[in-house]
Structure formats: C-alpha cells, structure tokens
$ cat model.tsv   # TSV, C-alpha atoms
chain	number	residue	atom	x	y	z
A	1	MET	CA	0.00	0.00	0.00
A	2	ARG	CA	1.04	3.60	-0.57
A	3	ILE	CA	0.36	6.50	1.79
A	4	GLU	CA	1.29	10.08	0.92
A	5	ALA	CA	0.70	13.12	3.15
A	6	SER	CA	1.95	16.65	2.60
A	7	GLY	CA	1.99	17.16	6.36
A	8	HIS	CA	2.15	14.91	9.41
A	9	VAL	CA	1.37	11.18	9.75
A	10	THR	CA	0.54	9.69	13.17
A	11	ILE	CA	0.22	5.92	13.58
A	12	ASP	CA	-1.18	4.88	16.96
A	13	GLY	CA	-3.01	1.89	15.50
A	14	VAL	CA	-1.91	-0.80	13.05
A	15	ILE	CA	-0.95	-0.82	9.38
A	16	SER	CA	-0.58	-4.43	8.26
A	17	ALA	CA	0.42	-6.17	5.03
A	18	ASN	CA	1.33	-9.60	6.37
A	19	GLY	CA	1.60	-12.62	4.10
A	20	ARG	CA	-1.22	-15.16	3.81
A	21	ASN	CA	-1.04	-18.21	6.03
A	22	PRO	CA	-1.58	-21.34	3.94
A	23	ASN	CA	-4.84	-23.24	4.37
A	24	GLY	CA	-3.35	-26.65	3.73
A	25	GLY	CA	-0.32	-28.37	5.17
A	26	ASP	CA	1.46	-28.67	1.81
A	27	GLN	CA	1.40	-25.00	0.79
A	28	GLY	CA	4.18	-22.47	1.33
A	29	GLY	CA	3.59	-19.29	3.26
A	30	GLY	CA	2.97	-15.95	1.60
A	31	SER	CA	5.52	-13.16	1.70
A	32	GLY	CA	5.01	-9.89	3.47
A	33	GLY	CA	3.66	-7.08	1.33
A	34	GLY	CA	4.86	-3.55	0.64
A	35	ILE	CA	4.10	-0.39	2.65
A	36	CYS	CA	5.42	2.96	1.43
A	37	ILE	CA	4.74	6.09	3.51
A	38	ARG	CA	5.83	9.54	2.31
A	39	CYS	CA	5.21	12.55	4.53
A	40	ASP	CA	6.73	15.67	6.03
A	41	THR	CA	6.90	14.29	9.58
A	42	PHE	CA	6.01	10.96	11.20
A	43	ALA	CA	5.15	9.89	14.76
A	44	GLY	CA	3.00	7.58	16.85
A	45	SER	CA	3.10	4.52	19.08
A	46	GLY	CA	1.48	1.92	16.85
A	47	VAL	CA	2.66	-0.90	14.59
A	48	VAL	CA	3.52	-1.08	10.90
A	49	ARG	CA	4.15	-4.63	9.71
A	50	ALA	CA	4.67	-6.68	6.57
A	51	ASN	CA	5.65	-10.07	7.96
A	52	GLY	CA	6.02	-13.30	6.04
A	53	ALA	CA	3.66	-16.14	6.90
A	54	SER	CA	4.75	-19.15	8.91
A	55	VAL	CA	3.67	-22.66	7.93
A	56	GLN	CA	2.24	-25.64	9.78
A	57	TYR	CA	3.37	-29.00	8.43
A	58	ASP	CA	3.15	-32.43	10.04
A	59	GLY	CA	5.36	-34.29	7.59
A	60	ALA	CA	9.11	-34.79	7.55
A	61	GLU	CA	11.25	-31.66	7.47
A	62	GLY	CA	13.63	-31.06	4.58
A	63	ILE	CA	13.61	-30.06	0.94
A	64	ASN	CA	10.10	-31.43	0.33
A	65	ALA	CA	8.53	-29.53	3.22
A	66	PRO	CA	6.76	-26.22	2.41
A	67	GLY	CA	8.72	-23.02	2.86
A	68	ALA	CA	7.68	-20.09	5.00
A	69	GLY	CA	7.18	-16.62	3.54
A	70	GLY	CA	9.91	-14.02	3.32
A	71	GLY	CA	9.50	-10.67	5.01
A	72	GLY	CA	8.08	-7.78	3.00
A	73	ARG	CA	9.28	-4.20	2.54
A	74	ILE	CA	8.44	-1.05	4.51
A	75	ALA	CA	9.68	2.46	3.72
A	76	VAL	CA	9.01	5.69	5.62
A	77	ILE	CA	10.40	8.77	3.89
A	78	TYR	CA	10.16	12.14	5.63
A	79	ASN	CA	11.84	15.54	5.94
A	80	PRO	CA	14.71	14.91	8.39
A	81	THR	CA	15.00	18.55	9.48
A	82	ASN	CA	11.31	18.90	10.30
A	83	GLN	CA	11.27	15.44	11.88
A	84	ARG	CA	14.01	16.51	14.27
A	85	SER	CA	11.91	19.47	15.43
A	86	LEU	CA	9.11	17.25	16.77
A	87	GLN	CA	8.72	17.33	20.54
A	88	ALA	CA	7.92	13.61	20.83
A	89	ARG	CA	10.08	11.00	19.12
A	90	SER	CA	8.23	8.25	17.26
A	91	SER	CA	7.89	4.90	19.05
A	92	VAL	CA	6.19	3.07	16.19
A	93	SER	CA	7.30	-0.55	15.80
A	94	PHE	CA	8.16	-1.74	12.30
A	95	SER	CA	8.42	-5.39	11.33
A	96	THR	CA	9.23	-7.31	8.15
A	97	ARG	CA	9.92	-10.55	10.01
A	98	ASN	CA	10.24	-13.73	8.01
A	99	GLY	CA	7.90	-16.65	8.46
A	100	LEU	CA	9.08	-19.83	10.18
A	101	PRO	CA	8.56	-23.52	9.43
A	102	THR	CA	7.05	-25.91	11.95
A	103	GLN	CA	10.36	-27.74	12.24
A	104	THR	CA	13.86	-26.36	12.72
A	105	TYR	CA	15.12	-27.04	9.16
A	106	LEU	CA	16.32	-23.50	8.48
A	107	PRO	CA	16.20	-23.57	4.65
A	108	ASN	CA	12.41	-23.87	5.04
A	109	ALA	CA	12.40	-20.50	6.82
A	110	GLY	CA	12.09	-17.25	4.92
A	111	THR	CA	14.52	-14.40	5.48
A	112	LEU	CA	14.02	-10.92	6.89
A	113	GLY	CA	12.47	-8.23	4.74
A	114	THR	CA	13.63	-4.61	4.56
A	115	LEU	CA	13.00	-1.39	6.49
A	116	TYR	CA	13.94	1.87	4.79
A	117	PHE	CA	14.09	5.12	6.79
A	118	THR	CA	15.42	8.53	5.77
A	119	ASP	CA	17.79	8.50	8.76
A	120	ASP	CA	18.04	6.98	12.25
A	121	GLN	CA	15.28	9.07	13.87
A	122	LEU	CA	12.73	6.23	13.68
A	123	MET	CA	15.04	3.78	15.47
A	124	PRO	CA	13.76	3.49	19.06
A	125	ALA	CA	15.96	3.15	22.13
A	126	SER	CA	13.88	0.20	23.33
A	127	MET	CA	12.51	-2.50	21.04
A	128	ASP	CA	11.05	-5.97	21.36
A	129	THR	CA	9.81	-8.79	19.13
A	130	SER	CA	7.60	-6.34	17.19
A	131	PHE	CA	10.62	-4.56	15.62
A	132	ASN	CA	12.36	-6.62	12.90
A	133	GLY	CA	14.04	-6.16	9.54
A	134	VAL	CA	17.11	-5.32	7.49
A	135	ILE	CA	17.72	-1.59	7.92
A	136	PHE	CA	18.40	0.57	4.84
A	137	GLY	CA	18.59	4.31	4.20
A	138	PHE	CA	21.47	5.32	6.48
A	139	SER	CA	24.85	3.97	7.56
A	140	ARG	CA	25.18	5.36	11.11
A	141	TRP	CA	22.87	4.91	14.08
A	142	GLU	CA	23.50	7.12	17.11
A	143	ALA	CA	21.64	6.50	20.37
A	144	SER	CA	21.93	7.21	24.08
A	145	ASN	CA	20.98	3.63	25.02
A	146	VAL	CA	19.81	0.62	23.04
A	147	PHE	CA	17.80	-2.15	24.66
A	148	ALA	CA	16.74	-4.69	22.04
A	149	ASN	CA	14.97	-7.61	23.71
A	150	GLY	CA	13.76	-9.96	21.00
A	151	ALA	CA	14.15	-7.62	18.02
A	152	ILE	CA	15.77	-9.22	14.96
A	153	LEU	CA	17.90	-6.66	13.13
A	154	GLN	CA	20.43	-6.51	10.34
A	155	PHE	CA	22.00	-3.57	8.51
A	156	GLY	CA	21.85	-3.24	4.74
A	157	ALA	CA	24.80	-0.85	4.35
A	158	ASP	CA	28.15	-2.49	3.58
A	159	ASP	CA	29.86	-0.24	6.14
A	160	PHE	CA	27.69	0.53	9.19
A	161	ASP	CA	28.49	2.41	12.42
A	162	LEU	CA	26.47	1.77	15.57
A	163	ALA	CA	27.38	4.38	18.21
A	164	VAL	CA	25.75	4.22	21.67
A	165	SER	CA	26.61	6.74	24.38
A	166	ASN	CA	25.76	4.41	27.28
A	167	ASN	CA	24.66	0.75	27.25
A	168	PHE	CA	23.98	-1.56	24.31
A	169	ILE	CA	21.95	-4.67	25.13
A	170	PHE	CA	20.90	-7.05	22.35
A	171	ARG	CA	19.09	-10.32	23.04
A	172	LEU	CA	17.17	-12.62	20.73
A	173	PRO	CA	14.35	-14.82	22.03
A	174	GLN	CA	15.64	-17.89	23.87
A	175	ASN	CA	15.90	-21.09	21.81
A	176	TYR	CA	14.97	-19.19	18.65
A	177	ALA	CA	16.24	-21.28	15.74
A	178	TYR	CA	16.47	-18.53	13.11
A	179	ARG	CA	19.24	-16.15	14.23
A	180	PRO	CA	20.54	-13.93	11.40
A	181	PRO	CA	23.63	-12.05	12.55
A	182	LEU	CA	23.60	-8.45	13.70
A	183	ASN	CA	26.23	-7.03	11.36
A	184	PRO	CA	27.65	-3.58	12.15
A	185	SER	CA	31.15	-2.82	10.92
A	186	ARG	CA	31.84	-0.84	14.08
A	187	LEU	CA	30.05	-0.95	17.43
A	188	SER	CA	30.89	1.51	20.19
A	189	ALA	CA	29.28	1.98	23.60
A	190	GLY	CA	30.26	4.20	26.50
A	191	GLY	CA	28.90	1.64	28.98
A	192	ASP	CA	28.28	-2.11	28.79
A	193	VAL	CA	27.79	-4.26	25.71
A	194	ILE	CA	25.64	-7.31	26.52
A	195	ILE	CA	24.72	-9.85	23.83
A	196	GLY	CA	22.43	-12.81	24.50
A	197	GLU	CA	21.24	-15.77	22.38
A	198	ALA	CA	22.48	-13.93	19.29
A	199	ASN	CA	25.10	-13.90	16.56
A	200	VAL	CA	27.07	-10.70	15.96
A	201	VAL	CA	29.48	-10.27	13.04
A	202	LEU	CA	31.93	-7.36	12.76
A	203	SER	CA	33.39	-7.10	9.26
A	204	ASN	CA	34.16	-4.87	6.26
A	205	ASN	CA	36.29	-1.73	6.70
A	206	SER	CA	38.34	-1.58	9.95
A	207	PRO	CA	35.98	-3.66	12.12
A	208	GLU	CA	35.87	-2.52	15.73
A	209	LEU	CA	34.03	-3.07	19.00
A	210	VAL	CA	34.81	-0.50	21.68
A	211	CYS	CA	33.03	-0.28	25.03
A	212	GLY	CA	33.84	1.77	28.09
A	213	ALA	CA	32.68	-0.81	30.64
A	214	ASN	CA	32.18	-4.59	30.22
A	215	LEU	CA	31.56	-6.89	27.26
A	216	ALA	CA	29.35	-9.85	28.22
A	217	LEU	CA	28.43	-12.72	25.91
A	218	GLU	CA	25.56	-14.65	27.46
A	219	SER	CA	24.87	-18.33	26.76
A	220	ASN	CA	24.36	-19.43	23.14
A	221	THR	CA	26.01	-16.32	21.71
A	222	THR	CA	28.70	-15.89	19.08
A	223	LEU	CA	30.85	-12.88	18.18
A	224	SER	CA	32.73	-13.16	14.87
A	225	VAL	CA	35.44	-10.56	14.25
A	226	TRP	CA	36.66	-10.43	10.64
A	227	SER	CA	39.91	-8.56	10.10
A	228	SER	CA	40.26	-6.17	7.21
A	229	PRO	CA	43.53	-6.11	5.22
A	230	THR	CA	46.51	-4.39	6.84
A	231	ASN	CA	49.74	-2.97	5.49
A	232	GLY	CA	51.91	-5.25	7.56
A	233	ALA	CA	50.75	-8.36	9.40
A	234	PRO	CA	53.59	-8.53	11.96
A	235	ALA	CA	52.96	-5.00	13.25
A	236	ASP	CA	49.30	-4.31	12.51
A	237	TYR	CA	45.96	-5.74	13.55
A	238	GLY	CA	43.07	-5.98	11.15
A	239	ALA	CA	40.27	-5.59	13.72
A	240	LEU	CA	40.03	-4.32	17.29
A	241	VAL	CA	37.96	-5.29	20.32
A	242	SER	CA	38.81	-2.77	23.05
A	243	VAL	CA	37.03	-3.13	26.41
A	244	GLY	CA	37.59	-0.70	29.27
A	245	GLY	CA	36.39	-3.25	31.82
A	246	ASP	CA	36.16	-7.03	31.60
A	247	ILE	CA	35.20	-9.57	28.94
A	248	PHE	CA	32.84	-12.32	30.17
A	249	LEU	CA	32.06	-15.43	28.13
A	250	SER	CA	29.21	-17.51	29.56
A	251	SER	CA	28.78	-21.21	28.86
A	252	ASN	CA	28.37	-22.03	25.15
A	253	SER	CA	29.38	-18.56	24.00
A	254	TRP	CA	32.19	-18.22	21.47
A	255	ILE	CA	34.37	-15.55	19.92
A	256	TYR	CA	35.60	-16.35	16.40
A	257	PRO	CA	38.63	-14.25	15.34
A	258	LYS	CA	39.08	-14.40	11.56
A	259	VAL	CA	42.21	-13.05	9.89
A	260	ALA	CA	42.54	-11.11	6.65
A	261	THR	CA	43.42	-14.04	4.43
A	262	ASN	CA	45.72	-12.18	2.04
A	263	ASP	CA	48.10	-10.67	4.60
A	264	GLY	CA	47.32	-12.31	7.92
A	265	GLY	CA	46.44	-9.23	9.97
A	266	ALA	CA	44.69	-10.72	13.00
A	267	PRO	CA	42.11	-9.23	15.40
A	268	LEU	CA	43.42	-7.68	18.62
A	269	PHE	CA	41.49	-8.05	21.91
A	270	ARG	CA	42.17	-5.64	24.79
A	271	ALA	CA	40.51	-5.71	28.22
A	272	ARG	CA	41.20	-5.37	31.93
A	273	ASN	CA	40.27	-9.00	32.68
A	274	ILE	CA	39.04	-11.82	30.46
A	275	ASN	CA	36.83	-14.55	31.96
A	276	VAL	CA	36.19	-17.63	29.80
A	277	CYS	CA	33.72	-20.07	31.38
A	278	ALA	CA	33.78	-23.82	30.83
A	279	GLY	CA	32.08	-24.67	27.55
A	280	SER	CA	32.93	-21.32	25.94
A	281	GLY	CA	36.03	-19.88	24.30
A	282	PHE	CA	37.91	-18.21	21.46
A	283	ASN	CA	38.13	-20.31	18.29
A	284	SER	CA	40.03	-19.41	15.12
A	285	THR	CA	40.41	-22.98	13.83
A	286	THR	CA	40.85	-23.10	10.01
A	287	ASN	CA	40.90	-19.30	9.81
A	288	GLY	CA	44.56	-18.70	8.95
A	289	PHE	CA	46.35	-17.52	5.81
A	290	TRP	CA	44.50	-18.48	2.64
A	291	PRO	CA	45.11	-19.58	-0.09
A	292	SER	CA	48.78	-19.44	0.88
A	293	GLY	CA	50.97	-18.08	3.64
A	294	PRO	CA	54.63	-17.75	4.56
A	295	GLY	CA	54.70	-21.41	5.63
A	296	THR	CA	52.94	-22.86	2.60
A	297	PRO	CA	55.13	-25.36	0.70
A	298	ALA	CA	55.69	-25.47	-3.04
A	299	THR	CA	52.78	-26.14	-5.38
A	300	SER	CA	51.99	-29.84	-5.97
A	301	SER	CA	54.37	-30.88	-3.19
A	302	ARG	CA	51.68	-32.35	-0.92
A	303	GLY	CA	53.72	-30.89	1.89
A	304	GLY	CA	52.27	-29.75	5.18
A	305	GLY	CA	52.17	-26.12	6.20
A	306	GLY	CA	54.88	-24.79	8.47
A	307	HIS	CA	54.73	-22.24	11.28
A	308	GLY	CA	56.28	-22.90	14.70
A	309	GLY	CA	57.36	-26.25	13.35
A	310	GLN	CA	58.30	-27.22	9.82
A	311	GLY	CA	55.61	-28.88	7.75
A	312	GLY	CA	55.82	-32.58	6.98
A	313	THR	CA	57.26	-33.87	3.71
A	314	GLY	CA	54.98	-35.05	0.91
A	315	TYR	CA	56.26	-35.33	-2.66
A	316	GLY	CA	58.46	-32.44	-1.66
A	317	PRO	CA	59.49	-30.75	1.58
A	318	GLY	CA	56.97	-29.16	3.89
A	319	GLY	CA	56.64	-25.47	4.55
A	320	ALA	CA	59.27	-23.50	6.45
A	321	THR	CA	58.96	-22.06	9.94
A	322	TYR	CA	58.23	-18.37	10.44
A	323	GLY	CA	57.19	-15.93	13.14
A	324	SER	CA	58.45	-15.44	16.67
A	325	ALA	CA	58.35	-17.73	19.71
A	326	ASP	CA	57.79	-14.87	22.16
A	327	SER	CA	55.30	-12.93	20.02
A	328	PRO	CA	53.13	-15.42	18.08
A	329	ILE	CA	50.81	-12.96	16.37
A	330	LEU	CA	50.67	-14.53	12.90
A	331	PRO	CA	48.14	-17.13	11.75
A	332	GLY	CA	48.93	-20.58	10.40
A	333	SER	CA	49.56	-21.55	6.78
A	334	PRO	CA	47.80	-24.20	4.67
A	335	GLY	CA	49.41	-27.26	3.17
A	336	GLN	CA	49.53	-28.09	-0.53
A	337	ALA	CA	47.83	-30.67	-2.69
$ encode --input "model.tsv" --output "structure tokens"
Amino acid sequence: MRIEASGHVTIDGVISANGRNPNGGDQGGGSGGGICIRCDTFAGSGVVRANGASVQYDGAEGINAPGAGGGGRIAVIYNPTNQRSLQARSSVSFSTRNGLPTQTYLPNAGTLGTLYFTDDQLMPASMDTSFNGVIFGFSRWEASNVFANGAILQFGADDFDLAVSNNFIFRLPQNYAYRPPLNPSRLSAGGDVIIGEANVVLSNNSPELVCGANLALESNTTLSVWSSPTNGAPADYGALVSVGGDIFLSSNSWIYPKVATNDGGAPLFRARNINVCAGSGFNSTTNGFWPSGPGTPATSSRGGGGHGGQGGTGYGPGGATYGSADSPILPGSPGQA
C-alpha cells in the first residue's frame, strides 16, 4: 500500500500487510507485502508490519517440506530537518519478520524483509519482538541507550556504524532457531555491551568493537570478528575489540577471530580481565592464511604447512617455519595438494 501526506502522519493503530497463512499443510507461506509512507513528519506509538507467513506441516522436514514466507518491505520517507523538530520522538514498531517452518530445518524458513528510513530518527531506544528487519537508508545509528529484547535486526549498508553513548543490550528470544547475525562494521558503547542468544558479526572496513565498561556474551552467543587487510601483518591488527572493563564469556558462547586471508592481519582483543567459562572460548580454527601463507610449501608438493614447526614432507618438503616464539601474532599456513 502507498500513503502520501503533505503534512504529518501519526500511527497509533496498526498498518498491516502480512503474508497469507496457507490453508493446507502442503502449501508455502505468503511473503510480506509492501508499505510505502511519504510525509513531512512521522510519529506515533502503533505498529507497521509486513511479515512473512509461517507454515504448519506435520510431515518430515527437509527439501520437500513447504517453505515459509519471506519478510516484505516497509519504507518511511520524511523531511529529516522537520522530523528533528518534533517534541515527541516516534515509538512506532516496524516489522518485516520472516515466516518460520514448523520444524527447525532452516532452509524452510524465509529471510528478513527490509525497512527503509530517511535517517536513524525512527530507530527506538527500546525495542522488542515487534521490531524486525534489514535496515536501509542510512549507515550510522547514534543512540543514548539501546535495549533490544527480542528484536531481529540486520543492517543493509556495507559499512555501518552503531554508536551508543551508554549501554547496548541485544538479546534474541531464547531457543529461537532462526538467528541472522547483527552485522555492524563498528560498534561503540560508553557503557556495557551485553549480547544474548544472538550472533554478531563485525566485518568490512576496519571492524571494531569498543566499550567503556564490560563486554558480556551470554549463553548461546557468538561474536565473529573479521579482520580487514593491513599494510603489515607482523605489526598491525586488522580488527580491534577494546574493552575498558572485563570480557565475560558464559557457557556455550564463542568468539571467532578471523584473519585477513591475504596478509594475515589478525584481530586484537584488549581488556582489563578476560573470563572464559567452561564450555565457551575463542576459536580461530581453520581461519589462517589463505590460499597461501609464509609457511605454505611449493605447489603440488603435498607438503604440510609450516609455522612454529616445519611442515611434513609429501612429494616435496613441507613449509618452512616463520614468526616469533615470544610474540606469536601470525596465523597458520595451509598445506599443498
């Protein structure tokens, strides 16, 4: 649907374009629809939604089971200067959530739809399960606090800054099978960063997580930190996690450092104290130099990669040693076929 107003739009009720739930057990779910609102200013406390339909199916899960509907598209386009002059900030919830299958076979699930806003003024400080979607229209979100309890969010911009003056708390619903990663390039918070039951990926240009207090990963949480290329792997880091207080990893929470494959610049983690509970940890297995590194042997040698020790001999000798015993900051090297 399309709504155009030369003046102000207030939504205290509901605007809905959800997908159709299938009548039978063998039919896929409908996608969310499209809602486009153009106005001078926008406010309210209601709901605007274009969710995909979930499906109910009693048969075996897998490729023959019906798929759920994908999320729709919502856009709200307004005058940012006039919007900023409003006394009350909008608290409307927007959702283009995907539908879900009866079982946990994730390919049967749809994916999130899109939310397009002129800037970050429609992003609330507090959000729950009624706020969902892939955010487009701006590449920086500034907030005093963010408390997202159940909201499913992603960012459409390739390079996105999330800057919070105080605390950033992001939790998905417990035991929720579909967990698309929250994907800012850079996340900063003056206070605590708390992540629960969620996947967070920092990547693209100079990835960074900086918080003034503590970083806490609650159970069933992952934080992947992808380095960007550096000018010199021995001296430089490709991504930074800098915590003024402590890092806490609860049971079954994991941090995945991933190096820049072409030059080996690895992520750097700084904190006052680091507490890794049983059943949690840091894991960079198989995330070293690729497709070759300083310890990779000659092509077609079938040799093993070298690093602290020399690689084993195949048709030819294995890869040579490299790096430093008292400063092991370089990743490993692959072997050869």
$ residues_around --input "model.tsv" --residues "Asp128 of chain A" --least-positions-apart "3" --cutoff "12 Å" --atoms "only C-alpha atoms" --output "PyMOL selection string"
chain A and resi 47+91-95+124-125+131-132+146-153+169-173
$ write_last_selection --input "model.tsv" --atoms "C-alpha atoms" --output "compact mmCIF listing (two decimals), keeping the file's coordinate frame"
# COMPACT_ATOMS: atom_id res chain seq x y z
CA VAL A 47 2.66 -0.90 14.59
CA SER A 91 7.89 4.90 19.05
CA VAL A 92 6.19 3.07 16.19
CA SER A 93 7.30 -0.55 15.80
CA PHE A 94 8.16 -1.74 12.30
CA SER A 95 8.42 -5.39 11.33
CA PRO A 124 13.76 3.49 19.06
CA ALA A 125 15.96 3.15 22.13
CA PHE A 131 10.62 -4.56 15.62
CA ASN A 132 12.36 -6.62 12.90
CA VAL A 146 19.81 0.62 23.04
CA PHE A 147 17.80 -2.15 24.66
CA ALA A 148 16.74 -4.69 22.04
CA ASN A 149 14.97 -7.61 23.71
CA GLY A 150 13.76 -9.96 21.00
CA ALA A 151 14.15 -7.62 18.02
CA ILE A 152 15.77 -9.22 14.96
CA LEU A 153 17.90 -6.66 13.13
CA ILE A 169 21.95 -4.67 25.13
CA PHE A 170 20.90 -7.05 22.35
CA ARG A 171 19.09 -10.32 23.04
CA LEU A 172 17.17 -12.62 20.73
CA PRO A 173 14.35 -14.82 22.03
$ residues_around --input "model.tsv" --residues "segment 300-304 of chain A" --least-positions-apart "5" --cutoff "7 Å" --atoms "all atoms listed in the file" --output "PyMOL selection string"
chain A and resi 311-319+335-337
$ residues_around --input "model.tsv" --residues "Asn79 of chain A" --least-positions-apart "3" --cutoff "7 Å" --atoms "only C-alpha atoms" --output "number ranges by chain"
A: 40-41, 82-83
$ closest_residue --input "model.tsv" --among "A:Ser206, A:Thr81, A:Ser333, A:Asn273" --to "Pro297 of chain A" --atoms "only C-alpha atoms"
A:Ser333
$ residues_around --input "model.tsv" --residues "segment 234-249 of chain A" --least-positions-apart "4" --cutoff "7 Å" --atoms "all atoms listed in the file" --output "PDB file with C-alpha atoms, in the coordinates of the input"
ATOM      1  CA  SER A 206      38.340  -1.580   9.950  1.00  0.00           C
ATOM      2  CA  PRO A 207      35.980  -3.660  12.120  1.00  0.00           C
ATOM      3  CA  GLU A 208      35.870  -2.520  15.730  1.00  0.00           C
ATOM      4  CA  LEU A 209      34.030  -3.070  19.000  1.00  0.00           C
ATOM      5  CA  VAL A 210      34.810  -0.500  21.680  1.00  0.00           C
ATOM      6  CA  CYS A 211      33.030  -0.280  25.030  1.00  0.00           C
ATOM      7  CA  GLY A 212      33.840   1.770  28.090  1.00  0.00           C
ATOM      8  CA  ALA A 213      32.680  -0.810  30.640  1.00  0.00           C
ATOM      9  CA  ASN A 214      32.180  -4.590  30.220  1.00  0.00           C
ATOM     10  CA  LEU A 215      31.560  -6.890  27.260  1.00  0.00           C
ATOM     11  CA  ALA A 216      29.350  -9.850  28.220  1.00  0.00           C
ATOM     12  CA  LEU A 217      28.430 -12.720  25.910  1.00  0.00           C
ATOM     13  CA  GLU A 218      25.560 -14.650  27.460  1.00  0.00           C
ATOM     14  CA  VAL A 225      35.440 -10.560  14.250  1.00  0.00           C
ATOM     15  CA  TRP A 226      36.660 -10.430  10.640  1.00  0.00           C
ATOM     16  CA  SER A 227      39.910  -8.560  10.100  1.00  0.00           C
ATOM     17  CA  SER A 228      40.260  -6.170   7.210  1.00  0.00           C
ATOM     18  CA  PRO A 229      43.530  -6.110   5.220  1.00  0.00           C
ATOM     19  CA  THR A 230      46.510  -4.390   6.840  1.00  0.00           C
ATOM     20  CA  SER A 253      29.380 -18.560  24.000  1.00  0.00           C
ATOM     21  CA  ALA A 260      42.540 -11.110   6.650  1.00  0.00           C
ATOM     22  CA  GLY A 265      46.440  -9.230   9.970  1.00  0.00           C
ATOM     23  CA  ALA A 266      44.690 -10.720  13.000  1.00  0.00           C
ATOM     24  CA  PRO A 267      42.110  -9.230  15.400  1.00  0.00           C
ATOM     25  CA  LEU A 268      43.420  -7.680  18.620  1.00  0.00           C
ATOM     26  CA  PHE A 269      41.490  -8.050  21.910  1.00  0.00           C
ATOM     27  CA  ARG A 270      42.170  -5.640  24.790  1.00  0.00           C
ATOM     28  CA  ALA A 271      40.510  -5.710  28.220  1.00  0.00           C
ATOM     29  CA  ARG A 272      41.200  -5.370  31.930  1.00  0.00           C
ATOM     30  CA  ASN A 273      40.270  -9.000  32.680  1.00  0.00           C
ATOM     31  CA  ILE A 274      39.040 -11.820  30.460  1.00  0.00           C
ATOM     32  CA  ASN A 275      36.830 -14.550  31.960  1.00  0.00           C
ATOM     33  CA  VAL A 276      36.190 -17.630  29.800  1.00  0.00           C
ATOM     34  CA  CYS A 277      33.720 -20.070  31.380  1.00  0.00           C
ATOM     35  CA  SER A 280      32.930 -21.320  25.940  1.00  0.00           C
ATOM     36  CA  ILE A 329      50.810 -12.960  16.370  1.00  0.00           C
ATOM     37  CA  LEU A 330      50.670 -14.530  12.900  1.00  0.00           C
TER      38      LEU A 330
END
$ closest_residue --input "model.tsv" --among "A:Gly308, A:Gly191, A:Gly99, A:Gly288" --to "Asn166 of chain A" --atoms "all atoms listed in the file"
A:Gly191
$ closest_residue --input "model.tsv" --among "A:Gly113, A:Ile37, A:Gly44, A:Arg49" --to "Gly70 of chain A" --atoms "all atoms listed in the file"
A:Gly113
$ closest_residue --input "model.tsv" --among "A:Arg97, A:Arg2, A:His8, A:Lys258" --to "Leu223 of chain A" --atoms "all atoms listed in the file"
A:Lys258
$ atom_distance --input "model.tsv" --atom1 "atom CA of Ile255 of chain A" --atom2 "atom CA of Gln103 of chain A"
28.0 Å
$ atom_distance --input "model.tsv" --atom1 "atom CA of Gly332 of chain A" --atom2 "atom CA of Pro184 of chain A"
27.3 Å
$ decode --input "model.tsv" --residues "segment 276-290 of chain A" --atoms "N, CA and C atoms" --output "compact mmCIF listing (two decimals), in the first residue's frame"
# COMPACT_ATOMS: atom_id res chain seq x y z
N VAL A 276 36.70 -16.65 30.75
CA VAL A 276 36.19 -17.63 29.80
C VAL A 276 35.64 -18.82 30.58
N CYS A 277 34.33 -18.98 30.62
CA CYS A 277 33.72 -20.07 31.38
C CYS A 277 33.91 -21.40 30.67
N ALA A 278 33.76 -22.49 31.42
CA ALA A 278 33.78 -23.82 30.83
C ALA A 278 32.69 -23.94 29.77
N GLY A 279 33.04 -24.53 28.63
CA GLY A 279 32.08 -24.67 27.55
C GLY A 279 32.00 -23.47 26.64
N SER A 280 32.88 -22.49 26.81
CA SER A 280 32.93 -21.32 25.94
C SER A 280 34.38 -21.12 25.50
N GLY A 281 34.64 -20.11 24.67
CA GLY A 281 36.03 -19.88 24.30
C GLY A 281 36.21 -19.00 23.09
N PHE A 282 37.49 -18.86 22.70
CA PHE A 282 37.91 -18.21 21.46
C PHE A 282 38.28 -19.33 20.49
N ASN A 283 37.86 -19.24 19.25
CA ASN A 283 38.13 -20.31 18.29
C ASN A 283 38.43 -19.72 16.92
N SER A 284 39.68 -19.86 16.47
CA SER A 284 40.03 -19.41 15.12
C SER A 284 40.51 -20.58 14.27
N THR A 285 40.05 -21.79 14.59
CA THR A 285 40.41 -22.98 13.83
C THR A 285 40.04 -22.82 12.36
N THR A 286 40.98 -23.16 11.48
CA THR A 286 40.85 -23.10 10.01
C THR A 286 40.72 -21.68 9.47
N ASN A 287 41.04 -20.68 10.26
CA ASN A 287 40.90 -19.30 9.81
C ASN A 287 42.25 -18.60 9.70
N GLY A 288 43.24 -19.28 9.12
CA GLY A 288 44.56 -18.70 8.95
C GLY A 288 44.76 -18.11 7.57
N PHE A 289 46.04 -17.98 7.16
CA PHE A 289 46.35 -17.52 5.81
C PHE A 289 45.63 -18.39 4.78
N TRP A 290 45.15 -17.74 3.73
CA TRP A 290 44.50 -18.48 2.64
C TRP A 290 44.49 -17.62 1.38
